[in-house]
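Undergrad: Questions regarding the structure given below will be posed in turn.
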Amino acid sequence: MVDSAIFGTPPEPVFNLKGCCLSSELLEELLYVQAAHNEKAVKNSGSADGAFKQGSIAEMMFLVCDKFNQPPEARYLALEIFDRFMTKYARDQLKKAHSGRGGYQKKAATWNSFLRKIQKHLKLYITSCVQIASKMCSHYKILTNRKCSRFLLDAGLGCTSATILRTELTILETLDYHVYATSPLTYIETLLEIMGHNDKSTSMKILHETSMKVMDLAYLRRSAVYDELFRVATGGMTGSAKDRESFAMVEHDIMLFAVAVIGAASYVIDKTTSDQVIDHLSRITCIPTDDILEFATVLVQITLQLDRHQ
């Protein structure tokens with residue numbers, strides 16, 4: 001028997017399996033904790049946050065995680081780590097460039113040098129974030145420096161184990177070692193577990209699998225998703241810079257994102273029961289059904305557009 005079959009984390013959550021899952025009381029407490037964490041994150045959000053966890057960056061992160069056979073949680077956690085690191089790292093370097101000596105040209109040269117460095121070492125930073133996430137998600141799929149070094153060499157970037165270690169420390173120090181971030185997948189799995197306690201007729205495993213596919217698409221098309229949601233929220237108006245700044249709170253509402261993903265997934269599976277699922281999610285989270293439906297509709301539309309172009 002393969003070792004991972006004995007000691008490894010299950011490939012998917014075991015929803016509502018008697019004796020193996022949290023009690024309803026603990027699930028309720030977990031939901032309260034996640035809601036409080038989400039509320040704090042929304043209040044502290046800024047319009048620049050999230051710029052590094054979408055599009056080609058998300059695609060590259062997903063491909064690296066697939067290459068190393070990482071669990072789903074590592075995919076989203078690595079993206080969250082990378083986004084927070086790059087945002088803070090860029091802000092620190094920009095502040096350093098502005099406060100340095102010399103005129104505009106010298107400061108601009110310093111900033112351009114930093115941008116070239118980022119472009120050159122992008123694969124290294126992404127791989128290091130995946131390595132950090134692997135240590136937080138699984139005890140038997142941890143990425144060693146040697147594995148990362150071989151991968152980067154195959155990708156055309158020769159890096160020694162010492163370089164990889166220094167990069168990992170740079171990321172950790174930039175984030176003040178506060179690397180853990182609750183990903184949307186954690187919220188989704190908590191909500192599905194609660195739903196499974198209350199609704200035995202819906203297959204939570206199928207809903208879970210479809211939700212992850214919808215969430216992958218939402219990350220890959222994040223700008224399009226939130227641009228469309230902003231257009232719907234403003235009634236088609238362009239909106240001022242202040243409106244867009246206020247909308248950042250919606251963009252970083254993980255609980256809203258999670259319920260919308262589940263709602264969209266339920267429509268993809270069986271549109272005749274999706275309203276029931278959305279009503280259930282609304283009762284659990286106290287998020288209005290109209291808000292969930294509005295966001296879920298945007299996700300479904302983006303999914304259908306992708307299907308038509310394939």
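As shown in the structure tokens, the chain order sets the letters A, B, ...; within each chain, residues go from 1, and ligands are also counted from 1 in the order they appear.
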Go through range 161-255 of chain A and flag each residue having an atom no more than 9 Å from range 82-105 of chain A; for those, report the closest pair of atoms plus their distance in Å to one decimal, using only C-alpha atoms, ordered by chain and rising number, as a Markdown table.

TA:
| residue | atom | partner | partner_atom | distance |
| --- | --- | --- | --- | --- |
| A:Ile171 | CA | A:Phe85 | CA | 6.2 |
| A:Leu172 | CA | A:Phe85 | CA | 8.4 |
| A:Thr174 | CA | A:Tyr89 | CA | 6.6 |
| A:Leu175 | CA | A:Phe85 | CA | 6.3 |
| A:Val179 | CA | A:Arg84 | CA | 8.7 |

Undergrad: Would you list the contacts of Cys286 in chain A as a ChimeraX atom specification, taking every protein, DNA or RNA residue within 12 Å and counting only C-alpha atoms, but skipping same-chain residues closer than 2 positions in sequence?

TA: /A:31-32,35,255-256,259,278-284,288-292

Undergrad: Could you write out that same residue set with all heavy atoms as a short mmCIF file (atom, residue, chain, number, x, y, z; two decimals), in the first residue's frame?

TA:
data_model
loop_
_atom_site.label_atom_id
_atom_site.label_comp_id
_atom_site.auth_asym_id
_atom_site.auth_seq_id
_atom_site.Cartn_x
_atom_site.Cartn_y
_atom_site.Cartn_z
N LEU A 31 -17.96 28.98 11.87
CA LEU A 31 -18.57 29.96 10.97
C LEU A 31 -18.47 31.36 11.57
O LEU A 31 -18.18 32.34 10.86
CB LEU A 31 -20.01 29.60 10.69
CG LEU A 31 -20.74 30.49 9.67
CD1 LEU A 31 -20.11 30.35 8.29
CD2 LEU A 31 -22.22 30.14 9.61
N TYR A 32 -18.71 31.49 12.88
CA TYR A 32 -18.59 32.78 13.54
C TYR A 32 -17.17 33.32 13.45
O TYR A 32 -16.95 34.52 13.20
CB TYR A 32 -19.00 32.67 15.01
CG TYR A 32 -20.49 32.57 15.24
CD1 TYR A 32 -21.02 31.77 16.25
CD2 TYR A 32 -21.39 33.28 14.45
CE1 TYR A 32 -22.38 31.66 16.46
CE2 TYR A 32 -22.76 33.18 14.65
CZ TYR A 32 -23.25 32.38 15.65
OH TYR A 32 -24.60 32.28 15.85
N ALA A 35 -16.51 34.43 9.89
CA ALA A 35 -17.24 35.67 9.61
C ALA A 35 -16.54 36.87 10.22
O ALA A 35 -16.44 37.94 9.59
CB ALA A 35 -18.67 35.56 10.13
N MET A 255 -16.54 35.80 2.23
CA MET A 255 -17.77 35.07 2.50
C MET A 255 -18.76 35.25 1.34
O MET A 255 -19.40 34.29 0.90
CB MET A 255 -18.40 35.55 3.80
CG MET A 255 -19.58 34.71 4.27
SD MET A 255 -19.11 33.03 4.80
CE MET A 255 -18.47 33.39 6.45
N LEU A 256 -18.88 36.47 0.85
CA LEU A 256 -19.75 36.72 -0.29
C LEU A 256 -19.27 35.95 -1.51
O LEU A 256 -20.07 35.36 -2.26
CB LEU A 256 -19.80 38.22 -0.60
CG LEU A 256 -20.58 38.65 -1.85
CD1 LEU A 256 -22.04 38.24 -1.73
CD2 LEU A 256 -20.44 40.15 -2.07
N VAL A 259 -20.17 32.12 -1.08
CA VAL A 259 -21.58 31.76 -1.30
C VAL A 259 -21.95 31.93 -2.78
O VAL A 259 -22.77 31.16 -3.31
CB VAL A 259 -22.53 32.58 -0.40
CG1 VAL A 259 -22.32 32.24 1.06
CG2 VAL A 259 -22.38 34.09 -0.63
N ILE A 278 -29.32 28.67 -2.83
CA ILE A 278 -29.03 30.07 -2.51
C ILE A 278 -29.81 30.52 -1.29
O ILE A 278 -29.27 31.24 -0.42
CB ILE A 278 -29.33 30.96 -3.73
CG1 ILE A 278 -28.29 30.70 -4.83
CG2 ILE A 278 -29.33 32.44 -3.35
CD1 ILE A 278 -28.56 31.42 -6.13
N ASP A 279 -31.06 30.11 -1.18
CA ASP A 279 -31.85 30.44 0.02
C ASP A 279 -31.21 29.84 1.26
O ASP A 279 -31.16 30.49 2.33
CB ASP A 279 -33.28 29.91 -0.13
CG ASP A 279 -34.10 30.73 -1.12
OD1 ASP A 279 -33.69 31.87 -1.40
OD2 ASP A 279 -35.12 30.21 -1.61
N HIS A 280 -30.72 28.63 1.13
CA HIS A 280 -30.06 27.96 2.27
C HIS A 280 -28.80 28.73 2.68
O HIS A 280 -28.54 28.96 3.87
CB HIS A 280 -29.72 26.53 1.87
CG HIS A 280 -29.44 25.64 3.03
ND1 HIS A 280 -29.34 24.26 2.94
CD2 HIS A 280 -29.21 25.91 4.35
CE1 HIS A 280 -29.08 23.75 4.13
NE2 HIS A 280 -28.99 24.73 4.99
N LEU A 281 -28.01 29.13 1.69
CA LEU A 281 -26.78 29.88 1.97
C LEU A 281 -27.10 31.22 2.63
O LEU A 281 -26.37 31.67 3.51
CB LEU A 281 -26.01 30.11 0.66
CG LEU A 281 -25.36 28.88 0.03
CD1 LEU A 281 -24.90 29.19 -1.39
CD2 LEU A 281 -24.19 28.40 0.87
N SER A 282 -28.17 31.84 2.20
CA SER A 282 -28.58 33.13 2.78
C SER A 282 -28.95 32.97 4.25
O SER A 282 -28.59 33.82 5.09
CB SER A 282 -29.75 33.70 1.99
OG SER A 282 -30.19 34.92 2.55
N ARG A 283 -29.64 31.90 4.56
CA ARG A 283 -30.03 31.66 5.96
C ARG A 283 -28.81 31.39 6.83
O ARG A 283 -28.76 31.81 8.00
CB ARG A 283 -31.01 30.49 6.05
CG ARG A 283 -32.39 30.79 5.48
CD ARG A 283 -33.41 29.75 5.94
NE ARG A 283 -33.03 28.40 5.53
CZ ARG A 283 -33.38 27.86 4.36
NH1 ARG A 283 -34.09 28.55 3.49
NH2 ARG A 283 -33.02 26.62 4.06
N ILE A 284 -27.83 30.72 6.29
CA ILE A 284 -26.63 30.38 7.05
C ILE A 284 -25.77 31.62 7.31
O ILE A 284 -25.28 31.84 8.43
CB ILE A 284 -25.78 29.32 6.31
CG1 ILE A 284 -26.53 27.98 6.26
CG2 ILE A 284 -24.42 29.12 7.01
CD1 ILE A 284 -25.85 26.94 5.39
N PRO A 288 -28.06 38.70 2.00
CA PRO A 288 -29.31 38.72 1.23
C PRO A 288 -29.25 37.84 -0.01
O PRO A 288 -28.21 37.79 -0.69
CB PRO A 288 -29.47 40.20 0.86
CG PRO A 288 -28.70 40.93 1.92
CD PRO A 288 -27.53 40.06 2.24
N THR A 289 -30.35 37.16 -0.30
CA THR A 289 -30.39 36.28 -1.47
C THR A 289 -30.13 37.05 -2.76
O THR A 289 -29.52 36.52 -3.69
CB THR A 289 -31.75 35.56 -1.57
OG1 THR A 289 -32.79 36.54 -1.56
CG2 THR A 289 -31.95 34.61 -0.40
N ASP A 290 -30.58 38.30 -2.82
CA ASP A 290 -30.38 39.10 -4.04
C ASP A 290 -28.89 39.33 -4.30
O ASP A 290 -28.44 39.30 -5.45
CB ASP A 290 -31.09 40.45 -3.91
CG ASP A 290 -32.60 40.32 -4.03
OD1 ASP A 290 -33.07 39.23 -4.45
OD2 ASP A 290 -33.32 41.27 -3.67
N ASP A 291 -28.12 39.56 -3.23
CA ASP A 291 -26.68 39.77 -3.39
C ASP A 291 -25.99 38.50 -3.88
O ASP A 291 -25.10 38.54 -4.73
CB ASP A 291 -26.06 40.21 -2.05
CG ASP A 291 -26.49 41.61 -1.65
OD1 ASP A 291 -27.14 42.29 -2.48
OD2 ASP A 291 -26.20 42.03 -0.51
N ILE A 292 -26.39 37.36 -3.30
CA ILE A 292 -25.80 36.09 -3.72
C ILE A 292 -26.16 35.79 -5.17
O ILE A 292 -25.31 35.41 -5.97
CB ILE A 292 -26.29 34.94 -2.81
CG1 ILE A 292 -25.92 35.21 -1.35
CG2 ILE A 292 -25.68 33.61 -3.27
CD1 ILE A 292 -26.47 34.19 -0.37
#

Undergrad: Please identify all polymer residues within 9 Å of Thr160 in chain A, counting only C-alpha atoms, omitting same-chain residues fewer than 5 positions from it, and present them as a list in words.

TA: Asn145, Arg146, Ser149 and Leu165 of chain A

Undergrad: Which polymer residues have any atom within 10 Å of an atom of range 208-222 of chain A, counting only C-alpha atoms, with same-chain residues fewer than 3 positions away left out, as a PyMOL selection string?

TA: chain A and resi 12-13+15+50-51+53-60+62+72+75-76+79+184-185+188-189+192-193+203-205+225-228+251+257-266+268-269+298-300+302-303+306

Undergrad: So which one's closest to Gln70 in chain A, A:Ser134, A:Thr190, A:Ser161, A:Thr167? Using only C-alpha atoms, please.

TA: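 So, comparing all the options, the nearest one is A:Ser134.
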
Undergrad: Apply DSSP to the backbone of this structure and, from range 15-171 of chain A, keep only the residues in helix (DSSP H, G or I); write these as a ChimeraX atom specification.

TA: /A:24-43,55-67,72-99,104-120,122-137,145-154,161-171

Undergrad: For Val42 in chain A, which of A:Ala248, A:Lys271, A:Met136, A:Gln305 is the closest residue, counting only C-alpha atoms?

TA: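 Result for the nearest residue to Val42 in chain A: A:Ala248.
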
Undergrad: Restricting the calculation to only C-alpha atoms, which member of A:Cys159, A:Leu152, A:Ala181, A:Leu124 is positioned closest to Glu73 in chain A?

TA: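 Under the stated criterion, the closest residue is A:Ala181.
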
Undergrad: Quick one: residues within 9 Å of Cys65 in chain A, only C-alpha atoms, excluding same-chain residues fewer than 6 positions away - as a list of chain:residue names?

TA: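 What passes the distance filter is A:Pro71, A:Pro72, A:Ala74, A:Arg75, A:Ala78, A:Thr127, A:Val130.
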
Undergrad: Include N, CA, C and O atoms and write out the residues we just selected as a PDB file, in the first residue's frame.

TA:
ATOM      1  N   PRO A  71      -2.280  19.757  -2.786  1.00  0.00           N
ATOM      2  CA  PRO A  71      -3.724  19.705  -2.513  1.00  0.00           C
ATOM      3  C   PRO A  71      -4.388  21.022  -2.908  1.00  0.00           C
ATOM      4  O   PRO A  71      -3.726  22.065  -3.002  1.00  0.00           O
ATOM      5  N   PRO A  72      -5.701  21.008  -3.146  1.00  0.00           N
ATOM      6  CA  PRO A  72      -6.400  22.223  -3.593  1.00  0.00           C
ATOM      7  C   PRO A  72      -6.170  23.428  -2.690  1.00  0.00           C
ATOM      8  O   PRO A  72      -5.997  24.549  -3.177  1.00  0.00           O
ATOM      9  N   ALA A  74      -3.629  24.346  -1.108  1.00  0.00           N
ATOM     10  CA  ALA A  74      -2.329  24.974  -1.349  1.00  0.00           C
ATOM     11  C   ALA A  74      -2.392  25.944  -2.527  1.00  0.00           C
ATOM     12  O   ALA A  74      -1.696  26.965  -2.536  1.00  0.00           O
ATOM     13  N   ARG A  75      -3.220  25.639  -3.521  1.00  0.00           N
ATOM     14  CA  ARG A  75      -3.345  26.506  -4.693  1.00  0.00           C
ATOM     15  C   ARG A  75      -3.793  27.913  -4.292  1.00  0.00           C
ATOM     16  O   ARG A  75      -3.175  28.912  -4.676  1.00  0.00           O
ATOM     17  N   ALA A  78      -1.347  29.653  -1.640  1.00  0.00           N
ATOM     18  CA  ALA A  78      -0.144  30.179  -2.292  1.00  0.00           C
ATOM     19  C   ALA A  78      -0.450  31.485  -3.017  1.00  0.00           C
ATOM     20  O   ALA A  78       0.353  32.427  -2.990  1.00  0.00           O
ATOM     21  N   THR A 127       7.236  29.996  -7.011  1.00  0.00           N
ATOM     22  CA  THR A 127       7.606  28.672  -6.493  1.00  0.00           C
ATOM     23  C   THR A 127       7.809  28.707  -4.987  1.00  0.00           C
ATOM     24  O   THR A 127       7.398  27.785  -4.267  1.00  0.00           O
ATOM     25  N   VAL A 130       4.468  28.707  -3.268  1.00  0.00           N
ATOM     26  CA  VAL A 130       3.906  27.352  -3.294  1.00  0.00           C
ATOM     27  C   VAL A 130       4.599  26.483  -2.249  1.00  0.00           C
ATOM     28  O   VAL A 130       3.955  25.682  -1.552  1.00  0.00           O
TER      29      VAL A 130
END

Undergrad: In terms of the shortest atom-to-atom distance over only C-alpha atoms, which of A:Glu25, A:Lys242, A:Lys43, A:Lys123 is closest to Leu153 in chain A?

TA: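 Closest to Leu153 in chain A of all the choices is A:Lys123.
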
Undergrad: Please measure the separation of CA of Phe230 in chain A and CA of Gln34 in chain A, giving the value in Å to one decimal.

TA: 24.9 Å
